[in-house]
$ cat query-v7.txt   # compact mmCIF, C-alpha atoms and all ligand atoms
# COMPACT_ATOMS: atom_id res chain seq x y z
CA MET A 538 0.00 0.00 0.00
CA VAL A 539 2.64 2.52 1.06
CA SER A 540 5.09 2.03 -1.81
CA GLU A 541 2.59 1.42 -4.61
CA GLN A 542 -0.21 3.83 -3.70
CA ILE A 543 1.51 6.57 -1.75
CA GLU A 544 5.21 6.87 -2.59
CA LYS A 545 4.59 6.30 -6.30
CA ARG A 546 2.10 9.18 -6.27
CA GLY A 547 4.77 11.50 -4.91
CA ILE A 548 4.31 11.55 -1.13
CA ASN A 549 7.80 10.97 0.25
CA ASN A 550 7.61 12.41 3.76
CA LYS A 551 9.36 9.70 5.80
CA LYS A 552 7.34 10.31 8.95
CA ILE A 553 4.03 9.98 7.10
CA LEU A 554 5.16 6.83 5.30
CA SER A 555 6.39 5.34 8.56
CA ALA A 556 3.12 6.16 10.36
CA MET A 557 1.20 4.46 7.58
CA LEU A 558 3.46 1.43 7.79
CA ASP A 559 2.97 1.29 11.57
CA ILE A 560 -0.81 1.63 11.85
CA PRO A 561 -2.65 -1.62 11.04
CA ARG A 562 -5.42 -0.30 8.74
CA HIS A 563 -7.32 -3.62 8.75
CA LEU A 564 -8.24 -3.08 12.42
CA PHE A 565 -10.27 0.00 11.44
CA VAL A 566 -12.70 -1.89 9.18
CA ASN A 567 -15.13 -4.69 9.98
CA GLU A 568 -14.15 -8.32 9.43
CA ALA A 569 -15.94 -8.66 6.10
CA GLN A 570 -13.80 -5.82 4.70
CA ARG A 571 -10.44 -6.82 6.18
CA GLU A 572 -9.06 -8.46 3.06
CA TYR A 573 -9.62 -5.18 1.18
CA ALA A 574 -8.24 -2.88 3.88
CA TYR A 575 -4.97 -2.10 2.04
CA ASN A 576 -6.55 -1.64 -1.39
CA ASP A 577 -6.56 1.61 -3.33
CA TYR A 578 -10.10 2.79 -2.56
CA PRO A 579 -12.35 3.87 0.31
CA LEU A 580 -14.35 1.20 2.16
CA SER A 581 -17.66 1.15 3.96
CA ILE A 582 -17.50 1.33 7.76
CA GLY A 583 -21.27 0.98 8.22
CA GLU A 584 -23.85 3.67 9.06
CA GLY A 585 -23.55 4.89 5.46
CA GLN A 586 -20.00 6.16 6.14
CA THR A 587 -16.54 5.36 4.79
CA ILE A 588 -12.87 5.08 5.68
CA SER A 589 -11.03 7.20 3.10
CA GLN A 590 -8.73 5.80 0.39
CA PRO A 591 -5.19 5.41 1.83
CA TYR A 592 -3.74 7.93 -0.64
CA ILE A 593 -6.27 10.59 0.39
CA VAL A 594 -5.31 10.04 4.05
CA ALA A 595 -1.63 10.48 3.13
CA LEU A 596 -2.33 13.52 0.93
CA MET A 597 -4.43 15.35 3.54
CA THR A 598 -1.84 14.52 6.20
CA SER A 599 0.99 15.91 4.07
CA LEU A 600 -0.98 19.09 3.31
CA LEU A 601 -1.17 19.77 7.05
CA GLU A 602 2.65 20.31 7.08
CA LEU A 603 3.03 18.82 10.55
CA LYS A 604 6.18 19.36 12.63
CA GLY A 605 5.19 17.31 15.66
CA ASP A 606 4.01 19.80 18.27
CA GLU A 607 0.58 20.65 16.85
CA ILE A 608 -2.86 20.47 18.42
CA ILE A 609 -5.15 19.15 15.69
CA LEU A 610 -8.92 19.17 15.34
CA GLU A 611 -10.39 16.51 13.05
CA ILE A 612 -14.03 16.68 11.96
CA GLY A 613 -15.37 13.23 11.04
CA THR A 614 -13.65 10.54 13.12
CA GLY A 615 -15.28 7.74 11.10
CA SER A 616 -13.16 4.63 11.67
CA GLY A 617 -10.46 6.55 13.60
CA TYR A 618 -7.77 5.64 11.03
CA GLN A 619 -6.91 9.22 10.01
CA ALA A 620 -6.78 10.21 13.69
CA ALA A 621 -4.40 7.31 14.41
CA ILE A 622 -2.05 8.47 11.64
CA LEU A 623 -2.18 12.07 12.91
CA ALA A 624 -1.51 10.89 16.46
CA LYS A 625 1.92 9.66 15.34
CA LEU A 626 2.79 13.02 13.78
CA ALA A 627 1.44 15.66 16.18
CA GLU A 628 1.05 16.30 19.88
CA THR A 629 -2.70 15.94 20.39
CA VAL A 630 -5.66 15.15 18.16
CA TYR A 631 -9.23 16.10 19.03
CA SER A 632 -11.69 14.36 16.75
CA ILE A 633 -15.45 14.90 16.48
CA GLU A 634 -17.87 12.31 15.10
CA LYS A 635 -21.62 12.77 14.84
CA ILE A 636 -22.48 9.03 14.88
CA GLU A 637 -22.00 7.65 18.38
CA VAL A 638 -21.56 4.01 17.39
CA LEU A 639 -18.68 4.95 15.05
CA ALA A 640 -17.08 7.16 17.70
CA LYS A 641 -17.21 4.31 20.23
CA ARG A 642 -15.77 1.79 17.78
CA ALA A 643 -12.94 4.18 16.87
CA MET A 644 -12.19 4.75 20.56
CA SER A 645 -11.90 1.04 21.22
CA VAL A 646 -9.51 0.48 18.28
CA LEU A 647 -7.31 3.38 19.39
CA MET A 648 -7.32 2.04 22.94
CA MET A 649 -6.33 -1.41 21.64
CA LEU A 650 -3.40 0.21 19.81
CA ASN A 651 -2.46 2.11 22.97
CA ILE A 652 -2.83 5.48 21.22
CA LYS A 653 -3.39 7.96 24.02
CA ASN A 654 -3.16 11.38 22.37
CA VAL A 655 -6.45 11.18 20.46
CA HIS A 656 -9.60 12.47 22.16
CA ILE A 657 -12.85 11.59 20.43
CA MET A 658 -16.06 13.54 21.00
CA VAL A 659 -19.59 12.89 19.76
CA GLY A 660 -21.31 15.93 18.26
CA ASN A 661 -21.69 18.30 15.37
CA GLY A 662 -18.16 19.05 14.19
CA SER A 663 -19.30 21.63 11.64
CA ILE A 664 -19.28 24.14 14.50
CA GLY A 665 -15.93 22.91 15.84
CA VAL A 666 -15.28 23.21 19.57
CA GLN A 667 -16.71 26.32 21.20
CA GLY A 668 -13.84 28.44 22.51
CA GLY A 669 -11.31 26.11 20.89
CA SER A 670 -8.17 27.14 19.05
CA PHE A 671 -6.17 24.73 16.89
CA ASP A 672 -2.89 24.67 14.98
CA ARG A 673 -4.38 22.42 12.34
CA ILE A 674 -7.93 21.48 11.33
CA ILE A 675 -8.76 18.58 9.03
CA VAL A 676 -12.30 18.03 7.81
CA THR A 677 -12.86 14.54 6.41
CA ALA A 678 -16.42 15.13 5.18
CA ALA A 679 -17.57 17.33 2.30
CA SER A 680 -18.64 20.86 3.12
CA PRO A 681 -20.64 23.24 0.89
CA ASP A 682 -18.39 26.10 2.00
CA LEU A 683 -15.68 26.94 4.53
CA PRO A 684 -17.41 26.65 7.94
CA GLU A 685 -17.04 30.07 9.59
CA PRO A 686 -16.54 28.68 13.16
CA LEU A 687 -13.67 26.50 11.94
CA ILE A 688 -11.95 29.49 10.34
CA GLU A 689 -12.30 31.32 13.66
CA GLN A 690 -10.91 28.36 15.61
CA LEU A 691 -7.83 28.09 13.37
CA LYS A 692 -4.81 29.71 15.08
CA ASP A 693 -2.64 32.24 13.33
CA ASP A 694 -0.07 30.37 11.20
CA GLY A 695 -2.58 27.52 11.20
CA ILE A 696 -3.56 25.26 8.30
CA MET A 697 -6.93 23.71 7.55
CA VAL A 698 -7.53 21.00 4.93
CA ILE A 699 -11.12 20.54 3.81
CA PRO A 700 -13.09 19.19 0.84
CA VAL A 701 -15.46 21.92 -0.40
CA GLY A 702 -18.08 21.76 -3.12
CA GLU A 703 -21.19 19.87 -4.16
CA LYS A 704 -22.63 16.98 -2.20
CA TYR A 705 -21.08 14.37 -4.53
CA SER A 706 -17.95 16.10 -5.86
CA GLN A 707 -15.56 18.50 -4.18
CA MET A 708 -12.22 20.25 -4.40
CA LEU A 709 -9.64 19.67 -1.66
CA ILE A 710 -8.78 23.10 -0.26
CA VAL A 711 -5.84 24.14 1.88
CA VAL A 712 -6.68 27.18 4.00
CA LYS A 713 -3.84 29.09 5.65
CA LYS A 714 -4.22 31.85 8.23
CA LYS A 715 -1.40 34.40 8.48
CA HIS A 716 -1.62 37.66 10.42
CA GLY A 717 -5.38 37.10 10.47
CA GLU A 718 -5.57 36.85 6.67
CA ILE A 719 -6.95 33.75 4.97
CA THR A 720 -5.53 32.25 1.78
CA LYS A 721 -7.02 29.30 -0.10
CA GLU A 722 -5.33 26.88 -2.46
CA GLU A 723 -7.00 24.15 -4.51
CA LYS A 724 -5.34 20.73 -4.38
CA GLY A 725 -7.44 18.63 -6.74
CA GLY A 726 -10.83 16.97 -6.96
CA CYS A 727 -12.12 14.49 -4.42
CA ILE A 728 -15.32 12.79 -3.25
CA PHE A 729 -16.25 12.64 0.44
CA VAL A 730 -19.47 11.80 2.26
CA PRO A 731 -21.27 15.00 3.27
CA LEU A 732 -20.62 17.01 6.40
CA ILE A 733 -24.01 17.13 8.10
CA GLY A 734 -25.14 20.02 10.28
CA LYS A 735 -25.13 23.75 10.57
CA TYR A 736 -22.36 24.91 8.17
CA GLY A 737 -22.70 21.51 6.44
CA PHE A 738 -25.32 20.10 4.09
CA ASP A 739 -28.21 19.55 6.47
CA SER A 740 -28.78 22.45 8.79
CA GLN A 741 -31.46 20.60 10.81
CA PHE A 742 -28.70 18.62 12.55
CA ASN A 743 -27.13 20.78 15.25
N1 LIG A 801 -11.58 10.29 8.93
C1 LIG A 801 -12.36 9.08 8.81
C2 LIG A 801 -11.52 7.84 8.89
O1 LIG A 801 -10.29 7.93 9.03
O2 LIG A 801 -12.12 6.75 8.85
C3 LIG A 801 -13.24 9.08 7.60
C4 LIG A 801 -14.37 10.00 7.75
S1 LIG A 801 -15.81 9.65 6.82
C5 LIG A 801 -15.28 9.94 5.19
C6 LIG A 801 -16.75 11.09 7.27
C7 LIG A 801 -17.26 11.06 8.69
O3 LIG A 801 -17.76 12.36 9.00
C8 LIG A 801 -18.42 10.09 8.90
O4 LIG A 801 -18.10 9.19 9.91
C9 LIG A 801 -19.57 11.00 9.30
O5 LIG A 801 -20.45 10.42 10.24
C10 LIG A 801 -18.83 12.19 9.88
N2 LIG A 801 -19.59 13.45 9.92
C11 LIG A 801 -20.42 13.98 8.99
N3 LIG A 801 -20.91 15.17 9.41
C12 LIG A 801 -20.37 15.38 10.64
C13 LIG A 801 -20.48 16.43 11.60
N4 LIG A 801 -21.23 17.51 11.40
N5 LIG A 801 -19.79 16.32 12.75
C14 LIG A 801 -19.00 15.25 12.99
N6 LIG A 801 -18.86 14.22 12.14
C15 LIG A 801 -19.53 14.29 10.97

$ encode --input "query-v7.txt" --output "structure tokens"
Amino acid sequence: MVSEQIEKRGINNKKILSAMLDIPRHLFVNEAQREYAYNDYPLSIGEGQTISQPYIVALMTSLLELKGDEIILEIGTGSGYQAAILAKLAETVYSIEKIEVLAKRAMSVLMMLNIKNVHIMVGNGSIGVQGGSFDRIIVTAASPDLPEPLIEQLKDDGIMVIPVGEKYSQMLIVVKKKHGEITKEEKGGCIFVPLIGKYGFDSQFN
């Protein structure tokens, strides 16, 4: 998976490659999917949700430009796989998942792997964490726009990676905040399940 799908597509950051070699991806999917866990596509994790394609996990991780001391907010815990990779590369990861059963399953896998610097919360991540402030924000569900609360919760010199666009097709955007100013850079097309909630696709969910 790492050499064929990730290195060959140009991601050569040794720490990211090593994290992806270390974390057993098959533990983050159910037994019926285990034989496909290292294949080059996303997989179902139940509840209508997915674990992202390995390359997308590597790409989003590399776009965060991690040095090791960051406090990260992830929106969309899903299986917990992306959070586990980030945990190896940053200080602390806070991750929000709206579906409790997925959050609980992710927590138990992370506990099994003895990963202690990921904190999973159940709730509407489209509003972030009230009063929170993060070095990096990664949104692993598709948003119609940049969620205003997440922009506010991004620290100066911070980076946010987020898929933005239509419900079934988006552009991966890197948002950087410098001296209070926001810049946006497009990093290619992608397809994520929708971010649900205020600032997402279904404002009834709060
Ligand atoms: N990062 C995940 C992983 O490593 O498995 C994949 C995430 S999956 C593509 C998107 C997740 O976002 C789903 O689990 C979905 O329930 C969650 N989600 C959607 N809207 C949300 C919201 N407003 N707050 C928190 N989680 C949300």

$ residues_near_ligand --input "query-v7.txt" --ligand "ligand LIG 801 (chain A)" --cutoff "6 Å" --atoms "all atoms listed in the file" --output "PyMOL selection string"
chain A and resi 586-589+612-619+633-636+660-663+677-678+729-734

$ closest_residue --input "query-v7.txt" --among "A:Gln667, A:Ser555, A:Ser645, A:Asn550" --to "Ile622 (chain A)" --atoms "only C-alpha atoms"
A:Ser555

$ residues_around --input "query-v7.txt" --residues "Ser670 (chain A)" --least-positions-apart "6" --cutoff "10 Å" --atoms "only C-alpha atoms" --output "ChimeraX atom specification"
/A:608-610,687-693,695

$ write_last_selection --input "query-v7.txt" --atoms "C-alpha atoms" --output "PDB file, keeping the file's coordinate frame"
ATOM      1  CA  ILE A 608      -2.860  20.470  18.420  1.00  0.00           C
ATOM      2  CA  ILE A 609      -5.150  19.150  15.690  1.00  0.00           C
ATOM      3  CA  LEU A 610      -8.920  19.170  15.340  1.00  0.00           C
ATOM      4  CA  LEU A 687     -13.670  26.500  11.940  1.00  0.00           C
ATOM      5  CA  ILE A 688     -11.950  29.490  10.340  1.00  0.00           C
ATOM      6  CA  GLU A 689     -12.300  31.320  13.660  1.00  0.00           C
ATOM      7  CA  GLN A 690     -10.910  28.360  15.610  1.00  0.00           C
ATOM      8  CA  LEU A 691      -7.830  28.090  13.370  1.00  0.00           C
ATOM      9  CA  LYS A 692      -4.810  29.710  15.080  1.00  0.00           C
ATOM     10  CA  ASP A 693      -2.640  32.240  13.330  1.00  0.00           C
ATOM     11  CA  GLY A 695      -2.580  27.520  11.200  1.00  0.00           C
TER      12      GLY A 695
END

$ residues_near_point --input "query-v7.txt" --point "(-1.4, 1.9, -2.3)" --cutoff "6 Å" --atoms "all atoms listed in the file" --output "mmCIF file with C-alpha atoms, in the coordinates of the input"
data_model
loop_
_atom_site.group_PDB
_atom_site.id
_atom_site.type_symbol
_atom_site.label_atom_id
_atom_site.label_comp_id
_atom_site.auth_asym_id
_atom_site.auth_seq_id
_atom_site.Cartn_x
_atom_site.Cartn_y
_atom_site.Cartn_z
ATOM 1 C CA MET A 538 0.000 0.000 0.000
ATOM 2 C CA VAL A 539 2.640 2.520 1.060
ATOM 3 C CA GLU A 541 2.590 1.420 -4.610
ATOM 4 C CA GLN A 542 -0.210 3.830 -3.700
ATOM 5 C CA ILE A 543 1.510 6.570 -1.750
ATOM 6 C CA ASP A 577 -6.560 1.610 -3.330
#

$ atom_distance --input "query-v7.txt" --atom1 "CA of His563 (chain A)" --atom2 "CA of Asn576 (chain A)"
10.4 Å

$ atom_distance --input "query-v7.txt" --atom1 "CA of Lys715 (chain A)" --atom2 "CA of Ser632 (chain A)"
24.0 Å

$ closest_residue --input "query-v7.txt" --among "A:Lys714, A:Arg673, A:Arg642, A:Lys551" --to "Ile582 (chain A)" --atoms "only C-alpha atoms"
A:Arg642

$ atom_distance --input "query-v7.txt" --atom1 "CA of Arg546 (chain A)" --atom2 "CA of Leu580 (chain A)"
20.1 Å

$ residues_around --input "query-v7.txt" --residues "Leu709 (chain A)" --least-positions-apart "4" --cutoff "9 Å" --atoms "all atoms listed in the file" --output "list in words"
Met597, Val698, Ile699, Pro700, Val701, Gly702, Glu722, Glu723, Lys724, Gly725, Gly726 and Cys727 of chain A

$ residues_near_point --input "query-v7.txt" --point "(-23.1, 22.2, 4.6)" --cutoff "6 Å" --atoms "all atoms listed in the file" --output "ChimeraX atom specification"
/A:680-681,736-738

$ closest_residue --input "query-v7.txt" --among "A:Ile560, A:Leu623, A:Val566, A:Ile664" --to "Lys604 (chain A)" --atoms "only C-alpha atoms"
A:Leu623

$ closest_residue --input "query-v7.txt" --among "A:Met648, A:Ala643, A:Ala627, A:Ile674" --to "Leu603 (chain A)" --atoms "all atoms listed in the file"
A:Ala627

$ decode --input "query-v7.txt" --residues "region 647-662 of chain A" --atoms "all heavy atoms" --output "PDB file, in the first residue's frame"
ATOM      1  N   LEU A 647      -8.466   2.556  18.967  1.00  0.00           N
ATOM      2  CA  LEU A 647      -7.314   3.384  19.386  1.00  0.00           C
ATOM      3  C   LEU A 647      -6.791   2.924  20.753  1.00  0.00           C
ATOM      4  O   LEU A 647      -5.579   2.899  20.991  1.00  0.00           O
ATOM      5  CB  LEU A 647      -7.706   4.863  19.422  1.00  0.00           C
ATOM      6  CG  LEU A 647      -8.049   5.466  18.044  1.00  0.00           C
ATOM      7  CD1 LEU A 647      -8.586   6.877  18.195  1.00  0.00           C
ATOM      8  CD2 LEU A 647      -6.842   5.468  17.125  1.00  0.00           C
ATOM      9  N   MET A 648      -7.730   2.527  21.613  1.00  0.00           N
ATOM     10  CA  MET A 648      -7.324   2.040  22.936  1.00  0.00           C
ATOM     11  C   MET A 648      -6.519   0.746  22.772  1.00  0.00           C
ATOM     12  O   MET A 648      -5.480   0.563  23.401  1.00  0.00           O
ATOM     13  CB  MET A 648      -8.566   1.793  23.777  1.00  0.00           C
ATOM     14  CG  MET A 648      -8.303   1.868  25.273  1.00  0.00           C
ATOM     15  SD  MET A 648      -9.793   1.472  26.187  1.00  0.00           S
ATOM     16  CE  MET A 648     -10.789   2.883  25.822  1.00  0.00           C
ATOM     17  N   MET A 649      -7.010  -0.135  21.895  1.00  0.00           N
ATOM     18  CA  MET A 649      -6.331  -1.411  21.640  1.00  0.00           C
ATOM     19  C   MET A 649      -4.898  -1.171  21.141  1.00  0.00           C
ATOM     20  O   MET A 649      -3.976  -1.917  21.461  1.00  0.00           O
ATOM     21  CB  MET A 649      -7.133  -2.187  20.598  1.00  0.00           C
ATOM     22  CG  MET A 649      -6.668  -3.579  20.326  1.00  0.00           C
ATOM     23  SD  MET A 649      -7.984  -4.497  19.528  1.00  0.00           S
ATOM     24  CE  MET A 649      -8.035  -3.723  17.955  1.00  0.00           C
ATOM     25  N   LEU A 650      -4.726  -0.103  20.356  1.00  0.00           N
ATOM     26  CA  LEU A 650      -3.400   0.210  19.809  1.00  0.00           C
ATOM     27  C   LEU A 650      -2.568   1.068  20.769  1.00  0.00           C
ATOM     28  O   LEU A 650      -1.478   1.508  20.424  1.00  0.00           O
ATOM     29  CB  LEU A 650      -3.540   0.927  18.465  1.00  0.00           C
ATOM     30  CG  LEU A 650      -4.141   0.082  17.329  1.00  0.00           C
ATOM     31  CD1 LEU A 650      -4.384   0.940  16.089  1.00  0.00           C
ATOM     32  CD2 LEU A 650      -3.234  -1.089  16.987  1.00  0.00           C
ATOM     33  N   ASN A 651      -3.153   1.322  21.947  1.00  0.00           N
ATOM     34  CA  ASN A 651      -2.461   2.109  22.971  1.00  0.00           C
ATOM     35  C   ASN A 651      -2.127   3.529  22.509  1.00  0.00           C
ATOM     36  O   ASN A 651      -1.103   4.092  22.878  1.00  0.00           O
ATOM     37  CB  ASN A 651      -1.191   1.370  23.418  1.00  0.00           C
ATOM     38  CG  ASN A 651      -0.808   1.747  24.824  1.00  0.00           C
ATOM     39  OD1 ASN A 651      -1.658   2.184  25.612  1.00  0.00           O
ATOM     40  ND2 ASN A 651       0.467   1.628  25.143  1.00  0.00           N
ATOM     41  N   ILE A 652      -3.011   4.094  21.680  1.00  0.00           N
ATOM     42  CA  ILE A 652      -2.830   5.479  21.215  1.00  0.00           C
ATOM     43  C   ILE A 652      -3.563   6.378  22.205  1.00  0.00           C
ATOM     44  O   ILE A 652      -4.788   6.302  22.324  1.00  0.00           O
ATOM     45  CB  ILE A 652      -3.360   5.640  19.777  1.00  0.00           C
ATOM     46  CG1 ILE A 652      -2.492   4.818  18.823  1.00  0.00           C
ATOM     47  CG2 ILE A 652      -3.399   7.116  19.362  1.00  0.00           C
ATOM     48  CD1 ILE A 652      -2.989   4.754  17.399  1.00  0.00           C
ATOM     49  N   LYS A 653      -2.786   7.219  22.902  1.00  0.00           N
ATOM     50  CA  LYS A 653      -3.391   7.963  24.020  1.00  0.00           C
ATOM     51  C   LYS A 653      -3.588   9.448  23.742  1.00  0.00           C
ATOM     52  O   LYS A 653      -4.178  10.148  24.554  1.00  0.00           O
ATOM     53  CB  LYS A 653      -2.506   7.788  25.251  1.00  0.00           C
ATOM     54  CG  LYS A 653      -2.433   6.330  25.691  1.00  0.00           C
ATOM     55  CD  LYS A 653      -1.966   6.206  27.130  1.00  0.00           C
ATOM     56  CE  LYS A 653      -2.153   4.789  27.630  1.00  0.00           C
ATOM     57  NZ  LYS A 653      -0.920   4.126  27.972  1.00  0.00           N
ATOM     58  N   ASN A 654      -3.056   9.930  22.625  1.00  0.00           N
ATOM     59  CA  ASN A 654      -3.162  11.379  22.373  1.00  0.00           C
ATOM     60  C   ASN A 654      -4.272  11.744  21.386  1.00  0.00           C
ATOM     61  O   ASN A 654      -4.223  12.795  20.759  1.00  0.00           O
ATOM     62  CB  ASN A 654      -1.811  11.942  21.904  1.00  0.00           C
ATOM     63  CG  ASN A 654      -1.281  11.267  20.654  1.00  0.00           C
ATOM     64  OD1 ASN A 654      -1.660  10.137  20.338  1.00  0.00           O
ATOM     65  ND2 ASN A 654      -0.402  11.948  19.938  1.00  0.00           N
ATOM     66  N   VAL A 655      -5.260  10.853  21.253  1.00  0.00           N
ATOM     67  CA  VAL A 655      -6.452  11.180  20.457  1.00  0.00           C
ATOM     68  C   VAL A 655      -7.649  11.231  21.396  1.00  0.00           C
ATOM     69  O   VAL A 655      -7.863  10.308  22.189  1.00  0.00           O
ATOM     70  CB  VAL A 655      -6.722  10.118  19.363  1.00  0.00           C
ATOM     71  CG1 VAL A 655      -8.016  10.434  18.626  1.00  0.00           C
ATOM     72  CG2 VAL A 655      -5.559  10.042  18.376  1.00  0.00           C
ATOM     73  N   HIS A 656      -8.413  12.313  21.315  1.00  0.00           N
ATOM     74  CA  HIS A 656      -9.600  12.472  22.157  1.00  0.00           C
ATOM     75  C   HIS A 656     -10.809  12.596  21.244  1.00  0.00           C
ATOM     76  O   HIS A 656     -10.894  13.548  20.458  1.00  0.00           O
ATOM     77  CB  HIS A 656      -9.462  13.701  23.042  1.00  0.00           C
ATOM     78  CG  HIS A 656      -8.184  13.682  23.826  1.00  0.00           C
ATOM     79  ND1 HIS A 656      -8.017  12.905  24.951  1.00  0.00           N
ATOM     80  CD2 HIS A 656      -6.991  14.281  23.601  1.00  0.00           C
ATOM     81  CE1 HIS A 656      -6.779  13.042  25.406  1.00  0.00           C
ATOM     82  NE2 HIS A 656      -6.139  13.884  24.597  1.00  0.00           N
ATOM     83  N   ILE A 657     -11.705  11.619  21.324  1.00  0.00           N
ATOM     84  CA  ILE A 657     -12.854  11.586  20.425  1.00  0.00           C
ATOM     85  C   ILE A 657     -14.093  12.112  21.141  1.00  0.00           C
ATOM     86  O   ILE A 657     -14.353  11.757  22.294  1.00  0.00           O
ATOM     87  CB  ILE A 657     -13.082  10.148  19.907  1.00  0.00           C
ATOM     88  CG1 ILE A 657     -11.863   9.725  19.070  1.00  0.00           C
ATOM     89  CG2 ILE A 657     -14.369  10.047  19.089  1.00  0.00           C
ATOM     90  CD1 ILE A 657     -11.900   8.304  18.563  1.00  0.00           C
ATOM     91  N   MET A 658     -14.825  12.967  20.438  1.00  0.00           N
ATOM     92  CA  MET A 658     -16.059  13.540  21.002  1.00  0.00           C
ATOM     93  C   MET A 658     -17.205  13.258  20.041  1.00  0.00           C
ATOM     94  O   MET A 658     -16.993  13.226  18.833  1.00  0.00           O
ATOM     95  CB  MET A 658     -15.908  15.057  21.164  1.00  0.00           C
ATOM     96  CG  MET A 658     -14.758  15.442  22.079  1.00  0.00           C
ATOM     97  SD  MET A 658     -14.310  17.190  21.919  1.00  0.00           S
ATOM     98  CE  MET A 658     -13.228  17.157  20.514  1.00  0.00           C
ATOM     99  N   VAL A 659     -18.405  13.088  20.597  1.00  0.00           N
ATOM    100  CA  VAL A 659     -19.589  12.892  19.759  1.00  0.00           C
ATOM    101  C   VAL A 659     -20.302  14.232  19.646  1.00  0.00           C
ATOM    102  O   VAL A 659     -20.561  14.883  20.665  1.00  0.00           O
ATOM    103  CB  VAL A 659     -20.532  11.837  20.373  1.00  0.00           C
ATOM    104  CG1 VAL A 659     -21.795  11.688  19.536  1.00  0.00           C
ATOM    105  CG2 VAL A 659     -19.821  10.501  20.492  1.00  0.00           C
ATOM    106  N   GLY A 660     -20.597  14.655  18.421  1.00  0.00           N
ATOM    107  CA  GLY A 660     -21.311  15.926  18.263  1.00  0.00           C
ATOM    108  C   GLY A 660     -21.258  16.429  16.847  1.00  0.00           C
ATOM    109  O   GLY A 660     -20.843  15.709  15.938  1.00  0.00           O
ATOM    110  N   ASN A 661     -21.689  17.664  16.686  1.00  0.00           N
ATOM    111  CA  ASN A 661     -21.687  18.298  15.374  1.00  0.00           C
ATOM    112  C   ASN A 661     -20.376  19.044  15.166  1.00  0.00           C
ATOM    113  O   ASN A 661     -20.197  20.155  15.656  1.00  0.00           O
ATOM    114  CB  ASN A 661     -22.876  19.254  15.254  1.00  0.00           C
ATOM    115  CG  ASN A 661     -22.813  20.068  13.969  1.00  0.00           C
ATOM    116  OD1 ASN A 661     -22.035  19.754  13.064  1.00  0.00           O
ATOM    117  ND2 ASN A 661     -23.610  21.099  13.895  1.00  0.00           N
ATOM    118  N   GLY A 662     -19.466  18.438  14.414  1.00  0.00           N
ATOM    119  CA  GLY A 662     -18.156  19.050  14.187  1.00  0.00           C
ATOM    120  C   GLY A 662     -18.181  20.245  13.257  1.00  0.00           C
ATOM    121  O   GLY A 662     -17.185  20.962  13.166  1.00  0.00           O
TER     122      GLY A 662
END
